[in-house]
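These notes concern the structure reproduced below.
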Amino acid sequence: MHQYIAVEGVIGAGKTTIAHVLADALKAQLLLEEFEENPFLSKFYENQDKFAFPLELSFLASRYHQVKQVLENPSLFHNGIVSDFVLYKSLVFASTTLENDQFLLYRRLFDIMFQQMPKPDLTIYIYHSVEQLQANIRKRGRDYEQNITNEYLETLNDTYLQYFKQLTNHSILILDGKKFDIIENPETKSELISLCQRKFPEGMNYL
């Protein structure tokens, strides 16, 4: 059984919902990203140029701290960890929002931190079309997300997939988010749970 599963996806992909289901089914400790506590998030969506760098730095520090704390102090009452984020998502987002000189500095900090952290046994990426992501964003109704553009979502989707190609020593499962929409299609829940108990080869695996 996988000891560390990370669920990833673009804004509105349904990461947290799937992470909850997997953690419950696998009796794993659930690790949720503390994004709503970030003081720069709403400011970033109002003025990306001004707040991109402090936002990305604060997210990197928060994600690193969360993962480090849980991995160094695993629960004795759970079978592994299921997270609704993975640390290298910081690099994906920063590469789309930061100016080149800022990103080079950010990448140096990221590389130092990333090398110290164990990789997930399995990373699950929930892929949705931009249209579906926008529908999900509207449905959950967070005010600061309502002006996110199609171009930004498309860029994030593309950047994730390009970055995954570099992670040749990671097992990455790319899921069709429409097929595995466990809210609209609850019958796929058992299939999803079964998939997450399988061992996949390193690299990108599409389902």
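Every chain in the structure tokens has a letter given in the order shown (A, B, ...), and although residue numbers restart at 1 in each chain, ligands are simply numbered from 1 in the order shown.
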
Inset, instruction - Can you pull out every residue within 6 Å of Ser171 of chain A, counting only C-alpha atoms, but drop anything in the same chain fewer than 6 positions away, and send it as a list in words? - result: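 Everything that qualifies: Leu122, Pro201, Glu202 and Gly203 of chain A.
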
Inset, instruction - For segment 67-77 of chain A, please output as a ChimeraX atom specification all residues within 9 Å (counting only C-alpha atoms; exclusion window: fewer than 6 positions along the same chain). - result: /A:27-29,31,83,86-87,117-118

Please produce a file of the residues just selected, as a tab-separated table (two decimals), in the first residue's frame, where the atoms kept are N, CA and C atoms.
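In the end it all went to selection.tsv:
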```tsv
chain	number	residue	atom	x	y	z
A	27	LYS	N	-8.04	4.67	5.24
A	27	LYS	CA	-7.74	4.89	6.67
A	27	LYS	C	-6.38	5.59	6.84
A	28	ALA	N	-6.21	6.62	6.01
A	28	ALA	CA	-4.96	7.38	5.99
A	28	ALA	C	-5.15	8.74	6.66
A	29	GLN	N	-4.06	9.33	7.08
A	29	GLN	CA	-4.10	10.69	7.65
A	29	GLN	C	-4.31	11.68	6.51
A	31	LEU	N	-4.06	15.34	4.89
A	31	LEU	CA	-3.30	16.58	4.96
A	31	LEU	C	-3.86	17.55	3.93
A	83	SER	N	-2.69	13.63	0.78
A	83	SER	CA	-2.63	15.09	0.78
A	83	SER	C	-3.37	15.65	-0.44
A	86	VAL	N	0.84	18.81	-3.45
A	86	VAL	CA	2.20	18.30	-3.43
A	86	VAL	C	3.13	19.51	-3.45
A	87	LEU	N	4.28	19.38	-2.84
A	87	LEU	CA	5.15	20.54	-2.64
A	87	LEU	C	5.55	21.20	-3.95
A	117	MET	N	12.86	16.68	0.88
A	117	MET	CA	11.55	16.09	1.12
A	117	MET	C	11.37	14.80	0.34
A	118	PRO	N	10.81	13.78	0.95
A	118	PRO	CA	10.52	12.55	0.21
A	118	PRO	C	9.42	12.78	-0.82
```

Inset, instruction - Using atom CA of Leu167 of chain A and atom CA of Met204 of chain A as the two end points, give the distance in Å to one decimal. - result: 8.6 Å

Inset, instruction - Would you mind listing what lies within 9 Å of Tyr125 of chain A as a PyMOL selection string, with only C-alpha atoms counted and same-chain residues fewer than 5 positions away left out? - result: chain A and resi 6-10+15+160+172-177

Legend entry - Selection near Tyr144 of chain A, 9 Å with only C-alpha atoms, sequence-local residues under 3 positions removed, as a ChimeraX atom specification: /A:41-43,45-46,141,147-148

Okay, now the selection with N, CA and C atoms, as a PDB file, in the first residue's frame?
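For reference, part.pdb as written:
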```
ATOM      1  N   LEU A  41      -3.562  35.981  -0.806  1.00  0.00           N
ATOM      2  CA  LEU A  41      -4.290  35.318  -1.878  1.00  0.00           C
ATOM      3  C   LEU A  41      -5.319  36.226  -2.547  1.00  0.00           C
ATOM      4  N   SER A  42      -6.200  36.832  -1.777  1.00  0.00           N
ATOM      5  CA  SER A  42      -7.216  37.699  -2.375  1.00  0.00           C
ATOM      6  C   SER A  42      -6.578  38.920  -3.023  1.00  0.00           C
ATOM      7  N   LYS A  43      -5.477  39.413  -2.429  1.00  0.00           N
ATOM      8  CA  LYS A  43      -4.767  40.560  -3.006  1.00  0.00           C
ATOM      9  C   LYS A  43      -4.139  40.200  -4.346  1.00  0.00           C
ATOM     10  N   TYR A  45      -5.261  38.074  -6.605  1.00  0.00           N
ATOM     11  CA  TYR A  45      -6.253  38.050  -7.676  1.00  0.00           C
ATOM     12  C   TYR A  45      -6.696  39.458  -8.076  1.00  0.00           C
ATOM     13  N   GLU A  46      -6.463  40.441  -7.212  1.00  0.00           N
ATOM     14  CA  GLU A  46      -6.768  41.833  -7.547  1.00  0.00           C
ATOM     15  C   GLU A  46      -5.607  42.498  -8.274  1.00  0.00           C
ATOM     16  N   GLY A 141     -18.264  29.234  -5.424  1.00  0.00           N
ATOM     17  CA  GLY A 141     -18.614  30.598  -5.071  1.00  0.00           C
ATOM     18  C   GLY A 141     -17.641  31.387  -4.220  1.00  0.00           C
ATOM     19  N   ASN A 147     -12.920  35.959 -10.897  1.00  0.00           N
ATOM     20  CA  ASN A 147     -12.344  36.655 -12.054  1.00  0.00           C
ATOM     21  C   ASN A 147     -11.147  35.926 -12.660  1.00  0.00           C
ATOM     22  N   ILE A 148     -10.917  34.676 -12.266  1.00  0.00           N
ATOM     23  CA  ILE A 148      -9.835  33.893 -12.853  1.00  0.00           C
ATOM     24  C   ILE A 148     -10.134  33.666 -14.333  1.00  0.00           C
TER      25      ILE A 148
END
```

Legend entry - Spatial neighbours of segment 48-55 of chain A, 8 Å, only C-alpha atoms, chain gap at least 6 places, as a list in words: Asn38, Phe40, Leu41, Ala94, Thr97, Leu98 and Gln102 of chain A

Inset, instruction - Using backbone DSSP assignments, extract all alpha helix (DSSP H) residues from chain A; output them as a ChimeraX atom specification. - result: /A:15-26,41-46,48-72,89-97,100-114,130-140,150-166,189-195

Inset, instruction - Fewer than 2 positions away in the same chain doesn't count, so skip those; otherwise give me all residues within 12 Å of Leu156 of chain A, counting only C-alpha atoms, as number ranges by chain. - result: A: 8-13, 89-97, 127-130, 133, 148-154, 158-163

With C-alpha atoms retained, could you export that selection as a compact mmCIF listing (two decimals), in the first residue's frame?
```
# COMPACT_ATOMS: atom_id res chain seq x y z
CA GLU A 8 -3.15 17.56 -7.52
CA GLY A 9 -5.03 19.62 -10.09
CA VAL A 10 -5.77 23.13 -11.25
CA ILE A 11 -8.03 25.47 -9.26
CA GLY A 12 -11.50 23.91 -9.17
CA ALA A 13 -10.40 20.38 -10.09
CA LYS A 89 2.99 22.71 -7.11
CA SER A 90 4.77 25.81 -5.77
CA LEU A 91 7.15 25.67 -8.71
CA VAL A 92 4.34 25.19 -11.22
CA PHE A 93 2.42 28.23 -10.01
CA ALA A 94 5.52 30.40 -9.58
CA SER A 95 6.65 29.67 -13.13
CA THR A 96 3.39 31.13 -14.45
CA THR A 97 3.18 34.22 -12.20
CA TYR A 127 -7.39 16.85 -15.41
CA HIS A 128 -10.41 18.96 -16.36
CA SER A 129 -11.18 21.16 -19.34
CA VAL A 130 -11.11 24.90 -18.71
CA LEU A 133 -12.96 24.19 -14.12
CA ILE A 148 -9.84 33.89 -12.85
CA THR A 149 -9.37 33.85 -16.62
CA ASN A 150 -9.57 30.92 -19.00
CA GLU A 151 -6.04 31.73 -20.12
CA TYR A 152 -4.67 31.39 -16.58
CA LEU A 153 -6.36 28.02 -16.06
CA GLU A 154 -5.17 26.75 -19.43
CA ASP A 158 -0.26 22.96 -19.56
CA THR A 159 2.48 23.84 -17.06
CA TYR A 160 1.58 20.95 -14.78
CA LEU A 161 1.69 18.46 -17.65
CA GLN A 162 4.99 19.83 -18.94
CA TYR A 163 6.52 19.67 -15.46
```

Inset, instruction - Could you please write out, as a list in words, every residue of chain A that DSSP assigns to strand (DSSP E or B)? - result: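 Residues of chain A classed as strand (DSSP E or B): Tyr4, Ile5, Ala6, Val7, Glu8, Gly9, Gln29, Leu30, Leu31, Ile81, Val82, Ser83, Leu122, Thr123, Ile124, Tyr125, Ile126, Tyr127, Ser171, Ile172, Leu173, Ile174, Leu175, Asp176, Gly203, Met204, Asn205 and Tyr206 of chain A.
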
Go ahead and dump the residues you just picked, N, CA and C atoms, as an mmCIF file, in the first residue's frame.
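The result, stored in again_18.cif:
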```cif
data_model
loop_
_atom_site.group_PDB
_atom_site.id
_atom_site.type_symbol
_atom_site.label_atom_id
_atom_site.label_comp_id
_atom_site.auth_asym_id
_atom_site.auth_seq_id
_atom_site.Cartn_x
_atom_site.Cartn_y
_atom_site.Cartn_z
ATOM 1 N N TYR A 4 2.234 7.421 0.949
ATOM 2 C CA TYR A 4 2.099 8.869 0.738
ATOM 3 C C TYR A 4 1.503 9.094 -0.647
ATOM 4 N N ILE A 5 0.252 9.517 -0.674
ATOM 5 C CA ILE A 5 -0.455 9.825 -1.916
ATOM 6 C C ILE A 5 -0.753 11.313 -1.940
ATOM 7 N N ALA A 6 -0.428 11.968 -3.050
ATOM 8 C CA ALA A 6 -0.723 13.393 -3.218
ATOM 9 C C ALA A 6 -1.717 13.562 -4.360
ATOM 10 N N VAL A 7 -2.747 14.360 -4.129
ATOM 11 C CA VAL A 7 -3.758 14.646 -5.150
ATOM 12 C C VAL A 7 -3.536 16.073 -5.634
ATOM 13 N N GLU A 8 -3.415 16.235 -6.953
ATOM 14 C CA GLU A 8 -3.154 17.556 -7.516
ATOM 15 C C GLU A 8 -4.149 17.883 -8.622
ATOM 16 N N GLY A 9 -4.150 19.146 -9.019
ATOM 17 C CA GLY A 9 -5.025 19.615 -10.091
ATOM 18 C C GLY A 9 -5.100 21.119 -10.059
ATOM 19 N N GLN A 29 -4.064 9.331 7.081
ATOM 20 C CA GLN A 29 -4.099 10.688 7.651
ATOM 21 C C GLN A 29 -4.315 11.680 6.511
ATOM 22 N N LEU A 30 -5.235 12.608 6.697
ATOM 23 C CA LEU A 30 -5.563 13.593 5.668
ATOM 24 C C LEU A 30 -4.783 14.876 5.908
ATOM 25 N N LEU A 31 -4.062 15.337 4.888
ATOM 26 C CA LEU A 31 -3.298 16.582 4.957
ATOM 27 C C LEU A 31 -3.865 17.546 3.934
ATOM 28 N N ILE A 81 -0.477 8.632 4.441
ATOM 29 C CA ILE A 81 -0.923 10.020 4.308
ATOM 30 C C ILE A 81 -1.550 10.229 2.933
ATOM 31 N N VAL A 82 -2.652 10.956 2.903
ATOM 32 C CA VAL A 82 -3.232 11.442 1.646
ATOM 33 C C VAL A 82 -3.299 12.960 1.742
ATOM 34 N N SER A 83 -2.694 13.629 0.779
ATOM 35 C CA SER A 83 -2.630 15.090 0.778
ATOM 36 C C SER A 83 -3.369 15.653 -0.437
ATOM 37 N N LEU A 122 2.677 8.035 -4.904
ATOM 38 C CA LEU A 122 1.792 8.208 -6.051
ATOM 39 C C LEU A 122 1.257 9.630 -6.050
ATOM 40 N N THR A 123 1.386 10.305 -7.201
ATOM 41 C CA THR A 123 0.766 11.617 -7.391
ATOM 42 C C THR A 123 -0.387 11.458 -8.367
ATOM 43 N N ILE A 124 -1.562 11.910 -7.963
ATOM 44 C CA ILE A 124 -2.753 11.839 -8.808
ATOM 45 C C ILE A 124 -3.059 13.244 -9.317
ATOM 46 N N TYR A 125 -3.113 13.400 -10.637
ATOM 47 C CA TYR A 125 -3.456 14.698 -11.215
ATOM 48 C C TYR A 125 -4.841 14.597 -11.848
ATOM 49 N N ILE A 126 -5.758 15.441 -11.389
ATOM 50 C CA ILE A 126 -7.125 15.446 -11.892
ATOM 51 C C ILE A 126 -7.216 16.459 -13.026
ATOM 52 N N TYR A 127 -7.358 15.960 -14.240
ATOM 53 C CA TYR A 127 -7.390 16.851 -15.407
ATOM 54 C C TYR A 127 -8.827 17.171 -15.791
ATOM 55 N N SER A 171 5.892 8.391 -9.818
ATOM 56 C CA SER A 171 4.715 7.713 -10.363
ATOM 57 C C SER A 171 3.556 8.699 -10.369
ATOM 58 N N ILE A 172 3.095 9.059 -11.560
ATOM 59 C CA ILE A 172 2.066 10.089 -11.701
ATOM 60 C C ILE A 172 0.894 9.510 -12.477
ATOM 61 N N LEU A 173 -0.283 9.610 -11.895
ATOM 62 C CA LEU A 173 -1.500 9.104 -12.516
ATOM 63 C C LEU A 173 -2.347 10.290 -12.965
ATOM 64 N N ILE A 174 -2.572 10.409 -14.269
ATOM 65 C CA ILE A 174 -3.386 11.490 -14.827
ATOM 66 C C ILE A 174 -4.808 10.965 -15.000
ATOM 67 N N LEU A 175 -5.738 11.524 -14.236
ATOM 68 C CA LEU A 175 -7.122 11.063 -14.277
ATOM 69 C C LEU A 175 -7.999 12.020 -15.069
ATOM 70 N N ASP A 176 -8.905 11.474 -15.830
ATOM 71 C CA ASP A 176 -9.943 12.249 -16.506
ATOM 72 C C ASP A 176 -10.928 12.719 -15.440
ATOM 73 N N GLY A 203 6.843 7.771 -14.127
ATOM 74 C CA GLY A 203 6.459 8.535 -15.298
ATOM 75 C C GLY A 203 4.974 8.817 -15.268
ATOM 76 N N MET A 204 4.428 9.260 -16.406
ATOM 77 C CA MET A 204 3.019 9.649 -16.494
ATOM 78 C C MET A 204 2.168 8.480 -16.977
ATOM 79 N N ASN A 205 1.082 8.212 -16.238
ATOM 80 C CA ASN A 205 0.145 7.145 -16.574
ATOM 81 C C ASN A 205 -1.235 7.768 -16.758
ATOM 82 N N TYR A 206 -1.866 7.535 -17.896
ATOM 83 C CA TYR A 206 -3.139 8.172 -18.208
ATOM 84 C C TYR A 206 -4.307 7.200 -18.033
#
```

Inset, instruction - Considering only C-alpha atoms, state which residue in the set A:Phe164, A:Asn185, A:Glu34, A:Asn100 is at the smallest distance from Asp84 of chain A. - result: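 That would be A:Glu34, the residue with the smallest distance to Asp84 of chain A.
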